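Visitor: Below you'll find work-v1.cif; it's mmCIF, C-alpha atoms.
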data_work
#
loop_
_atom_site.group_PDB
_atom_site.id
_atom_site.type_symbol
_atom_site.label_atom_id
_atom_site.label_comp_id
_atom_site.auth_asym_id
_atom_site.auth_seq_id
_atom_site.Cartn_x
_atom_site.Cartn_y
_atom_site.Cartn_z
ATOM 1 C CA MET A 1 -0.424 -4.232 -12.163
ATOM 2 C CA THR A 2 0.093 -0.871 -10.438
ATOM 3 C CA GLY A 3 2.836 -0.017 -7.973
ATOM 4 C CA HIS A 4 0.213 -0.099 -5.248
ATOM 5 C CA TRP A 5 -0.569 -3.772 -5.811
ATOM 6 C CA LEU A 6 3.062 -4.711 -6.367
ATOM 7 C CA ARG A 7 3.941 -3.327 -2.952
ATOM 8 C CA LEU A 8 0.967 -4.867 -1.159
ATOM 9 C CA ASN A 9 1.495 -8.289 -2.718
ATOM 10 C CA ARG A 10 5.099 -8.336 -1.489
ATOM 11 C CA LEU A 11 3.729 -8.521 2.048
ATOM 12 C CA PHE A 12 2.223 -11.904 1.158
ATOM 13 C CA SER A 13 4.864 -12.907 -1.372
ATOM 14 C CA ASP A 14 5.276 -16.416 0.035
ATOM 15 C CA GLY A 15 1.559 -17.041 -0.396
ATOM 16 C CA LYS A 16 1.052 -17.207 3.347
ATOM 17 C CA ARG A 17 -0.122 -14.898 6.094
ATOM 18 C CA ALA A 18 2.051 -12.004 7.225
ATOM 19 C CA VAL A 19 3.722 -11.155 10.525
ATOM 20 C CA ILE A 20 4.408 -7.462 11.159
ATOM 21 C CA VAL A 21 6.401 -6.195 14.141
ATOM 22 C CA ALA A 22 5.483 -2.750 15.488
ATOM 23 C CA VAL A 23 8.275 -0.592 16.921
ATOM 24 C CA ASP A 24 6.553 2.810 16.728
ATOM 25 C CA HIS A 25 5.696 3.062 20.443
ATOM 26 C CA GLY A 26 8.183 5.881 21.046
ATOM 27 C CA GLU A 27 5.949 8.198 19.014
ATOM 28 C CA PHE A 28 3.377 7.983 21.803
ATOM 29 C CA PHE A 29 5.226 6.882 24.946
ATOM 30 C CA GLY A 30 8.772 8.150 24.441
ATOM 31 C CA PRO A 31 11.543 5.735 25.520
ATOM 32 C CA THR A 32 9.915 2.304 25.734
ATOM 33 C CA PRO A 33 11.365 -0.942 27.122
ATOM 34 C CA GLY A 34 12.386 -3.204 24.273
ATOM 35 C CA ILE A 35 13.118 -0.365 21.853
ATOM 36 C CA LEU A 36 15.444 1.874 23.865
ATOM 37 C CA ASP A 37 18.061 0.855 21.296
ATOM 38 C CA LEU A 38 15.806 0.913 18.252
ATOM 39 C CA PRO A 39 18.357 -0.228 15.617
ATOM 40 C CA LYS A 40 19.131 -3.265 17.789
ATOM 41 C CA ALA A 41 15.408 -4.027 18.221
ATOM 42 C CA ILE A 42 14.766 -3.776 14.496
ATOM 43 C CA SER A 43 17.722 -6.030 13.729
ATOM 44 C CA ALA A 44 16.203 -8.658 16.036
ATOM 45 C CA ALA A 45 12.953 -8.387 14.047
ATOM 46 C CA GLU A 46 14.481 -8.523 10.571
ATOM 47 C CA ASP A 47 12.819 -11.880 9.835
ATOM 48 C CA ALA A 48 9.385 -10.284 10.040
ATOM 49 C CA ASP A 49 7.436 -9.649 6.853
ATOM 50 C CA GLY A 50 7.105 -5.976 7.754
ATOM 51 C CA ILE A 51 8.166 -3.545 10.455
ATOM 52 C CA LEU A 52 5.950 -0.640 11.511
ATOM 53 C CA LEU A 53 7.886 2.425 12.601
ATOM 54 C CA SER A 54 7.651 6.181 12.936
ATOM 55 C CA PRO A 55 8.815 8.421 10.072
ATOM 56 C CA GLY A 56 11.764 9.954 11.941
ATOM 57 C CA MET A 57 13.287 6.567 12.666
ATOM 58 C CA MET A 58 13.983 5.668 9.038
ATOM 59 C CA ALA A 59 17.067 7.869 9.227
ATOM 60 C CA HIS A 60 18.403 5.741 12.101
ATOM 61 C CA CYS A 61 17.293 2.261 11.003
ATOM 62 C CA GLY A 62 16.975 2.426 7.243
ATOM 63 C CA ASN A 63 19.922 0.113 6.610
ATOM 64 C CA VAL A 64 17.846 -2.859 7.823
ATOM 65 C CA PHE A 65 15.491 -2.358 4.871
ATOM 66 C CA SER A 66 18.220 -2.067 2.228
ATOM 67 C CA LYS A 67 19.128 -5.763 2.146
ATOM 68 C CA ARG A 68 17.768 -8.368 -0.255
ATOM 69 C CA GLY A 69 14.864 -10.147 1.425
ATOM 70 C CA ALA A 70 14.490 -7.407 4.037
ATOM 71 C CA PRO A 71 11.145 -6.801 5.760
ATOM 72 C CA LEU A 72 8.887 -4.163 4.259
ATOM 73 C CA ALA A 73 9.096 -0.728 5.853
ATOM 74 C CA ILE A 74 5.679 0.424 7.069
ATOM 75 C CA ILE A 75 5.522 4.081 8.173
ATOM 76 C CA ARG A 76 2.805 5.612 10.371
ATOM 77 C CA LEU A 77 1.277 8.769 8.894
ATOM 78 C CA ASN A 78 -0.741 10.263 11.738
ATOM 79 C CA TRP A 79 -0.658 10.779 15.498
ATOM 80 C CA SER A 80 -3.620 10.407 17.832
ATOM 81 C CA THR A 81 -4.287 11.009 21.493
ATOM 82 C CA VAL A 82 -6.200 7.710 21.549
ATOM 83 C CA PHE A 83 -2.897 5.896 22.138
ATOM 84 C CA CYS A 84 -1.655 8.167 24.928
ATOM 85 C CA GLU A 85 -3.130 6.229 27.822
ATOM 86 C CA GLN A 86 -0.643 7.750 30.248
ATOM 87 C CA TRP A 87 -2.359 11.148 29.916
ATOM 88 C CA GLU A 88 -5.923 9.776 30.138
ATOM 89 C CA TYR A 89 -7.090 11.375 26.911
ATOM 90 C CA ASP A 90 -10.489 10.200 25.676
ATOM 91 C CA GLN A 91 -11.368 12.135 22.507
ATOM 92 C CA ALA A 92 -8.961 10.666 19.936
ATOM 93 C CA ARG A 93 -7.783 13.971 18.550
ATOM 94 C CA THR A 94 -5.762 13.110 15.467
ATOM 95 C CA VAL A 95 -3.291 15.045 13.310
ATOM 96 C CA GLN A 96 -1.355 14.253 10.168
ATOM 97 C CA VAL A 97 2.406 13.848 10.612
ATOM 98 C CA ILE A 98 3.504 13.221 7.030
ATOM 99 C CA THR A 99 1.858 12.545 3.674
ATOM 100 C CA PRO A 100 1.958 9.202 1.850
ATOM 101 C CA GLN A 101 4.195 10.847 -0.750
ATOM 102 C CA GLN A 102 6.666 11.851 1.958
ATOM 103 C CA ALA A 103 6.574 8.345 3.438
ATOM 104 C CA LEU A 104 7.369 6.942 0.009
ATOM 105 C CA ALA A 105 10.327 9.330 -0.291
ATOM 106 C CA LEU A 106 11.604 8.124 3.105
ATOM 107 C CA GLY A 107 11.660 4.544 1.812
ATOM 108 C CA ALA A 108 8.286 3.221 2.935
ATOM 109 C CA ASP A 109 6.798 0.246 1.120
ATOM 110 C CA ILE A 110 3.449 0.617 2.897
ATOM 111 C CA CYS A 111 1.933 3.313 5.095
ATOM 112 C CA LEU A 112 -0.477 3.129 8.026
ATOM 113 C CA ALA A 113 -3.006 5.575 9.428
ATOM 114 C CA SER A 114 -5.361 5.253 12.370
ATOM 115 C CA LEU A 115 -9.025 6.193 12.451
ATOM 116 C CA THR A 116 -11.054 6.457 15.631
ATOM 117 C CA PHE A 117 -14.729 7.293 15.738
ATOM 118 C CA THR A 118 -17.557 6.636 18.201
ATOM 119 C CA THR A 119 -15.944 9.092 20.608
ATOM 120 C CA ILE A 120 -18.015 11.443 22.767
ATOM 121 C CA ASP A 121 -17.610 14.235 20.208
ATOM 122 C CA GLU A 122 -19.371 13.931 16.830
ATOM 123 C CA MET A 123 -17.383 16.821 15.360
ATOM 124 C CA GLN A 124 -14.117 15.150 16.350
ATOM 125 C CA ASP A 125 -15.269 11.912 14.743
ATOM 126 C CA ALA A 126 -16.007 13.822 11.533
ATOM 127 C CA ARG A 127 -12.568 15.474 11.605
ATOM 128 C CA ASN A 128 -10.913 12.083 12.028
ATOM 129 C CA VAL A 129 -12.850 10.695 9.064
ATOM 130 C CA GLU A 130 -11.927 13.725 6.984
ATOM 131 C CA LEU A 131 -8.232 13.214 7.770
ATOM 132 C CA PHE A 132 -8.298 9.507 7.000
ATOM 133 C CA THR A 133 -10.091 9.919 3.687
ATOM 134 C CA ARG A 134 -7.642 12.654 2.682
ATOM 135 C CA LEU A 135 -4.754 10.282 3.366
ATOM 136 C CA ALA A 136 -6.536 7.547 1.393
ATOM 137 C CA ALA A 137 -6.844 9.892 -1.585
ATOM 138 C CA GLN A 138 -3.176 10.855 -1.338
ATOM 139 C CA LYS A 139 -2.006 7.244 -1.177
ATOM 140 C CA ARG A 140 -3.904 6.468 -4.391
ATOM 141 C CA GLU A 141 -2.109 9.305 -6.153
ATOM 142 C CA CYS A 142 1.369 7.933 -5.394
ATOM 143 C CA GLY A 143 0.634 4.193 -5.517
ATOM 144 C CA ILE A 144 1.469 3.178 -1.953
ATOM 145 C CA PRO A 145 -0.807 0.801 0.009
ATOM 146 C CA LEU A 146 -2.495 2.061 3.176
ATOM 147 C CA ILE A 147 -3.206 -0.026 6.269
ATOM 148 C CA GLY A 148 -6.095 1.450 8.209
ATOM 149 C CA GLU A 149 -5.955 1.027 11.969
ATOM 150 C CA PHE A 150 -9.024 1.031 14.197
ATOM 151 C CA TYR A 151 -8.324 1.573 17.878
ATOM 152 C CA PRO A 152 -11.487 2.623 19.738
ATOM 153 C CA ALA A 153 -11.466 5.364 22.336
ATOM 154 C CA SER A 154 -11.482 4.233 25.981
ATOM 155 C CA VAL A 155 -10.981 0.642 24.837
ATOM 156 C CA GLY A 156 -10.254 -0.543 28.367
ATOM 157 C CA ARG A 157 -13.766 0.381 29.456
ATOM 158 C CA LEU A 158 -15.541 -1.567 26.712
ATOM 159 C CA SER A 159 -17.110 -4.966 27.277
ATOM 160 C CA GLN A 160 -16.089 -7.719 24.863
ATOM 161 C CA GLU A 161 -19.440 -7.390 23.091
ATOM 162 C CA GLU A 162 -19.081 -3.598 22.783
ATOM 163 C CA LEU A 163 -15.559 -3.992 21.429
ATOM 164 C CA HIS A 164 -16.735 -6.567 18.895
ATOM 165 C CA GLU A 165 -19.579 -4.391 17.637
ATOM 166 C CA ARG A 166 -17.293 -1.384 17.174
ATOM 167 C CA VAL A 167 -14.605 -3.405 15.408
ATOM 168 C CA TYR A 168 -17.206 -5.154 13.237
ATOM 169 C CA VAL A 169 -18.551 -1.817 11.986
ATOM 170 C CA ALA A 170 -15.249 0.051 11.808
ATOM 171 C CA CYS A 171 -13.388 -2.517 9.712
ATOM 172 C CA ARG A 172 -16.013 -2.319 6.986
ATOM 173 C CA VAL A 173 -16.041 1.481 7.214
ATOM 174 C CA LEU A 174 -12.263 1.615 6.797
ATOM 175 C CA ALA A 175 -12.458 -0.620 3.733
ATOM 176 C CA GLU A 176 -15.226 1.572 2.307
ATOM 177 C CA PHE A 177 -12.945 4.601 2.756
ATOM 178 C CA GLY A 178 -10.166 2.915 0.788
ATOM 179 C CA ALA A 179 -7.947 1.065 3.280
ATOM 180 C CA ASP A 180 -6.036 -1.764 1.585
ATOM 181 C CA ALA A 181 -5.703 -3.740 4.825
ATOM 182 C CA ILE A 182 -6.796 -3.203 8.418
ATOM 183 C CA LYS A 183 -5.120 -3.515 11.810
ATOM 184 C CA THR A 184 -7.439 -3.913 14.780
ATOM 185 C CA PHE A 185 -8.278 -5.844 17.949
ATOM 186 C CA TYR A 186 -9.083 -9.531 17.993
ATOM 187 C CA THR A 187 -12.574 -9.583 19.506
ATOM 188 C CA GLY A 188 -12.937 -13.206 20.589
ATOM 189 C CA PRO A 189 -15.061 -16.070 19.255
ATOM 190 C CA LYS A 190 -17.079 -13.802 16.920
ATOM 191 C CA PHE A 191 -14.032 -12.352 15.168
ATOM 192 C CA SER A 192 -14.777 -14.444 12.091
ATOM 193 C CA GLU A 193 -17.770 -12.147 11.550
ATOM 194 C CA VAL A 194 -15.357 -9.235 11.228
ATOM 195 C CA THR A 195 -13.088 -10.905 8.696
ATOM 196 C CA ALA A 196 -16.044 -12.236 6.684
ATOM 197 C CA ALA A 197 -17.605 -8.768 6.388
ATOM 198 C CA THR A 198 -14.356 -6.976 5.511
ATOM 199 C CA PRO A 199 -13.246 -7.199 1.857
ATOM 200 C CA VAL A 200 -9.562 -6.481 2.578
ATOM 201 C CA PRO A 201 -6.999 -8.348 4.729
ATOM 202 C CA VAL A 202 -7.453 -7.912 8.478
ATOM 203 C CA PHE A 203 -4.516 -8.046 10.902
ATOM 204 C CA ALA A 204 -4.978 -8.642 14.614
ATOM 205 C CA LEU A 205 -2.924 -6.426 16.904
ATOM 206 C CA GLY A 206 -1.167 -7.689 20.007
ATOM 207 C CA ALA A 207 -1.838 -4.721 22.340
ATOM 208 C CA GLU A 208 -0.325 -5.009 25.836
ATOM 209 C CA LYS A 209 2.479 -7.401 26.734
ATOM 210 C CA LEU A 210 0.980 -10.682 27.910
ATOM 211 C CA PRO A 211 2.727 -12.372 30.858
ATOM 212 C CA ASN A 212 3.104 -15.784 29.196
ATOM 213 C CA PRO A 213 4.507 -16.268 25.657
ATOM 214 C CA VAL A 214 1.994 -19.082 25.076
ATOM 215 C CA ASP A 215 -0.852 -16.624 25.703
ATOM 216 C CA ALA A 216 0.507 -14.292 23.027
ATOM 217 C CA LEU A 217 0.913 -17.178 20.589
ATOM 218 C CA ARG A 218 -2.640 -18.279 21.359
ATOM 219 C CA LEU A 219 -3.935 -14.792 20.543
ATOM 220 C CA ALA A 220 -2.208 -14.995 17.169
ATOM 221 C CA TYR A 221 -3.432 -18.550 16.532
ATOM 222 C CA ASP A 222 -7.049 -17.750 17.388
ATOM 223 C CA SER A 223 -6.938 -14.653 15.188
ATOM 224 C CA VAL A 224 -5.750 -16.435 12.058
ATOM 225 C CA GLN A 225 -8.110 -19.346 12.648
ATOM 226 C CA ALA A 226 -10.906 -16.750 12.580
ATOM 227 C CA GLY A 227 -9.762 -15.432 9.204
ATOM 228 C CA ALA A 228 -7.100 -12.829 9.983
ATOM 229 C CA ARG A 229 -4.428 -12.581 7.277
ATOM 230 C CA GLY A 230 -1.763 -12.063 9.906
ATOM 231 C CA VAL A 231 -0.830 -10.113 13.017
ATOM 232 C CA VAL A 232 0.819 -6.858 14.023
ATOM 233 C CA PHE A 233 2.599 -7.514 17.320
ATOM 234 C CA GLY A 234 4.716 -4.976 19.158
ATOM 235 C CA ARG A 235 5.415 -5.357 22.862
ATOM 236 C CA ASN A 236 4.872 -9.119 22.823
ATOM 237 C CA VAL A 237 7.843 -9.338 20.447
ATOM 238 C CA ILE A 238 10.137 -6.486 21.422
ATOM 239 C CA GLN A 239 9.752 -7.100 25.181
ATOM 240 C CA ALA A 240 10.163 -10.875 24.953
ATOM 241 C CA ASP A 241 13.156 -12.426 26.714
ATOM 242 C CA ASP A 242 14.465 -13.375 23.274
ATOM 243 C CA PRO A 243 12.654 -11.274 20.622
ATOM 244 C CA ALA A 244 14.122 -13.165 17.655
ATOM 245 C CA LEU A 245 13.129 -16.528 19.124
ATOM 246 C CA PHE A 246 9.613 -15.368 19.937
ATOM 247 C CA LEU A 247 9.269 -13.979 16.408
ATOM 248 C CA LYS A 248 10.260 -17.391 15.050
ATOM 249 C CA ALA A 249 7.530 -18.987 17.184
ATOM 250 C CA LEU A 250 5.006 -16.377 16.057
ATOM 251 C CA LYS A 251 5.752 -17.093 12.401
ATOM 252 C CA MET A 252 5.342 -20.827 12.990
ATOM 253 C CA VAL A 253 1.897 -20.218 14.494
ATOM 254 C CA VAL A 254 0.701 -17.618 11.980
ATOM 255 C CA LYS A 255 2.209 -18.955 8.758
ATOM 256 C CA GLU A 256 2.423 -22.680 9.417
ATOM 257 C CA GLU A 257 -0.563 -23.045 11.790
ATOM 258 C CA GLY A 258 1.533 -24.652 14.484
ATOM 259 C CA THR A 259 -0.406 -24.927 17.726
ATOM 260 C CA PRO A 260 0.751 -22.491 20.433
ATOM 261 C CA GLN A 261 1.697 -25.036 23.076
ATOM 262 C CA GLU A 262 3.513 -27.320 20.639
ATOM 263 C CA VAL A 263 5.497 -24.430 19.164
ATOM 264 C CA ALA A 264 6.336 -23.030 22.590
ATOM 265 C CA THR A 265 7.519 -26.436 23.780
ATOM 266 C CA GLU A 266 9.572 -27.064 20.641
ATOM 267 C CA LEU A 267 11.375 -23.734 20.994
ATOM 268 C CA GLY A 268 11.660 -23.782 24.779
ATOM 269 C CA LEU A 269 9.340 -20.840 25.416
ATOM 270 C CA ASP A 270 7.023 -22.503 27.938
#
Using the file provided, produce a representation of the structure as structure tokens.
Guide:
Amino acid sequence: MTGHWLRLNRLFSDGKRAVIVAVDHGEFFGPTPGILDLPKAISAAEDADGILLSPGMMAHCGNVFSKRGAPLAIIRLNWSTVFCEQWEYDQARTVQVITPQQALALGADICLASLTFTTIDEMQDARNVELFTRLAAQKRECGIPLIGEFYPASVGRLSQEELHERVYVACRVLAEFGADAIKTFYTGPKFSEVTAATPVPVFALGAEKLPNPVDALRLAYDSVQAGARGVVFGRNVIQADDPALFLKALKMVVKEEGTPQEVATELGLD
């Protein structure tokens, strides 16, 4: 078994689905509520299976990952304007920040890179594909798993059917390019089509902070019932009234298939 598979299998080492907490928002938005004190936020999420963060933050938070039973460190490799909603970008211009080898040297167990296509610019789409496939080749050379992330351009203007069709195609494309797992949007009742057509684990992302914790738990529950191997939640965890308690509820829903309302009631979240 190669180092690549050893690292990826650790994410599912208990034989169950995985819960990843994203705290990399500062790379796109600067100071963000919930992670103004990033070491404190990461400490509150230390019971997650993995934590997604930006490469520069390992120097400030690396001690969390040095303990026995610590979450896996997942480092983002590239930066894209697709996430910078505050500046109304719409072409998903993407650049490499670090290589998989450099992420490994920083202490990463897994790396993540985004890919956006179906923008208004065919040449930009091709550049984004070129960058992603280069990262996929580099990760194979050093034996670190790569999570591919699909986040469509102008996602807020897509109908549910348009979002589903783009996610359905993109997840298979990412797997074809060499992604070992995929992070993307839950697309509703037809999401099982996405997971069935994708030969690697699919994680549903949480996106914006939902007003009610039960709604966020329901998103996670519906995703795993449709075949997702877990979730990658950021703001719904880090901006919760009690992030550690909400993470406990999220794990009960994702890993134990507790129903959202029952879990919320048991833990006093409703």
Visitor: Can you tell me which residues surround segment 209-217 of chain A at a distance of at most 9 Å, considering all atoms listed in the file, apart from same-chain residues fewer than 2 positions away, and format the answer as a list in words?
Guide: Gly206, Ala207, Leu219, Ala220, Tyr221, Asp222, Gly234, Arg235, Asn236, Val237, Gln239, Ala240, Phe246, Ala249, Leu250, Val253, Val254, Thr259, Pro260, Gln261, Val263, Ala264, Leu269 and Asp270 of chain A
Visitor: Considering all atoms listed in the file, state which residue in the set A:Gly69, A:Gly156, A:Gly178, A:Pro189 is at the smallest distance from Glu88 of chain A.
Guide: A:Gly156
Visitor: Name the residues captured by the PyMOL selection byres ((chain A and resi 199) around 10) when it is applied to the shown file; answer as a list in words.
Guide: Cys171, Arg172, Ala175, Glu176, Ala179, Asp180, Ala181, Val194, Thr195, Ala196, Ala197, Thr198, Val200, Pro201 and Val202 of chain A
Visitor: Edge lengths and centre, in Å to one decimal, as lines of an AutoDock Vina configuration file: that's what I need for the box along x, y and z that holds all listed atoms of segment 250-263 of chain A plus 6 Å on each side.
Guide:
center_x = 2.6
center_y = -21.8
center_z = 15.9
size_x = 18.3
size_y = 22.9
size_z = 26.3
Visitor: From the set A:Glu46, A:Lys40, A:Thr187, A:Pro55, which residue has the shortest atom-to-atom contact distance to Arg68 of chain A, counting all atoms listed in the file?
Guide: A:Glu46
Visitor: Can you list, as a list in words, the residues that the PyMOL selection byres ((chain A and resi 70) around 12) selects here?
Guide: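 When the PyMOL selection byres ((chain A and resi 70) around 12) is applied, the selected residues are Arg10, Leu11, Ile42, Ser43, Ala45, Glu46, Asp47, Ala48, Asp49, Gly50, Ile51, Gly62, Asn63, Val64, Phe65, Ser66, Lys67, Arg68, Gly69, Pro71, Leu72, Ala73 and Asp109 of chain A.
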Visitor: Run the PyMOL selection byres ((chain A and resi 52) around 6) on the file and write out the hits as a CSV table (one decimal) with C-alpha atoms, keeping the file's coordinate frame.
Guide:
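Dumped everything to expr18.csv:
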chain,number,residue,atom,x,y,z
A,22,ALA,CA,5.5,-2.8,15.5
A,23,VAL,CA,8.3,-0.6,16.9
A,51,ILE,CA,8.2,-3.5,10.5
A,53,LEU,CA,7.9,2.4,12.6
A,74,ILE,CA,5.7,0.4,7.1
A,75,ILE,CA,5.5,4.1,8.2
Visitor: Report the distance between atom CA of Glu161 of chain A and atom CA of Phe191 of chain A in Å, rounded to one decimal place.
Guide: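 Pair atom CA of Glu161 of chain A / atom CA of Phe191 of chain A returns 10.8 Å.
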Visitor: Smallest atom-to-atom distance to Ala126 of chain A: which of A:Asp241, A:Arg93, A:Tyr151, A:Gly3, using all atoms listed in the file?
Guide: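 Of the candidates, the smallest distance to Ala126 of chain A is held by A:Arg93.
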Visitor: Between atom CA of Ala228 of chain A and atom CA of Glu85 of chain A, measure the distance and give it in Å to one decimal.
Guide: 26.4 Å
Visitor: Select, from A:Ala244, A:Pro100, A:Lys255, A:Val95, the residue with the minimum atom-to-atom distance to Leu267 of chain A, counting only C-alpha atoms.
Guide: A:Ala244
Visitor: Which distance in Å separates atom CA of Pro39 of chain A and atom CA of Glu27 of chain A, to one decimal?
Guide: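 Value for the atom CA of Pro39 of chain A-atom CA of Glu27 of chain A distance: 15.4 Å.
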Visitor: Using all atoms listed in the file for the distances, tell me which of A:Leu38, A:Gly107, A:Phe83, A:Gly188 is nearest to Ser159 of chain A.
Guide: A:Gly188
Visitor: For a quick check of understanding, using only C-alpha atoms, which of A:Glu141, A:Asp24, A:Glu162, A:Asp121 has the smallest distance to Asp90 of chain A?
Guide: A:Asp121
Visitor: Near Gln138 of chain A, within 8 Å and counting all atoms listed in the file, which residues show up once chain neighbours fewer than 2 positions away are dropped, as a list in words?
Guide: Thr99, Pro100, Gln101, Arg134, Leu135, Ala136, Arg140, Glu141 and Cys142 of chain A
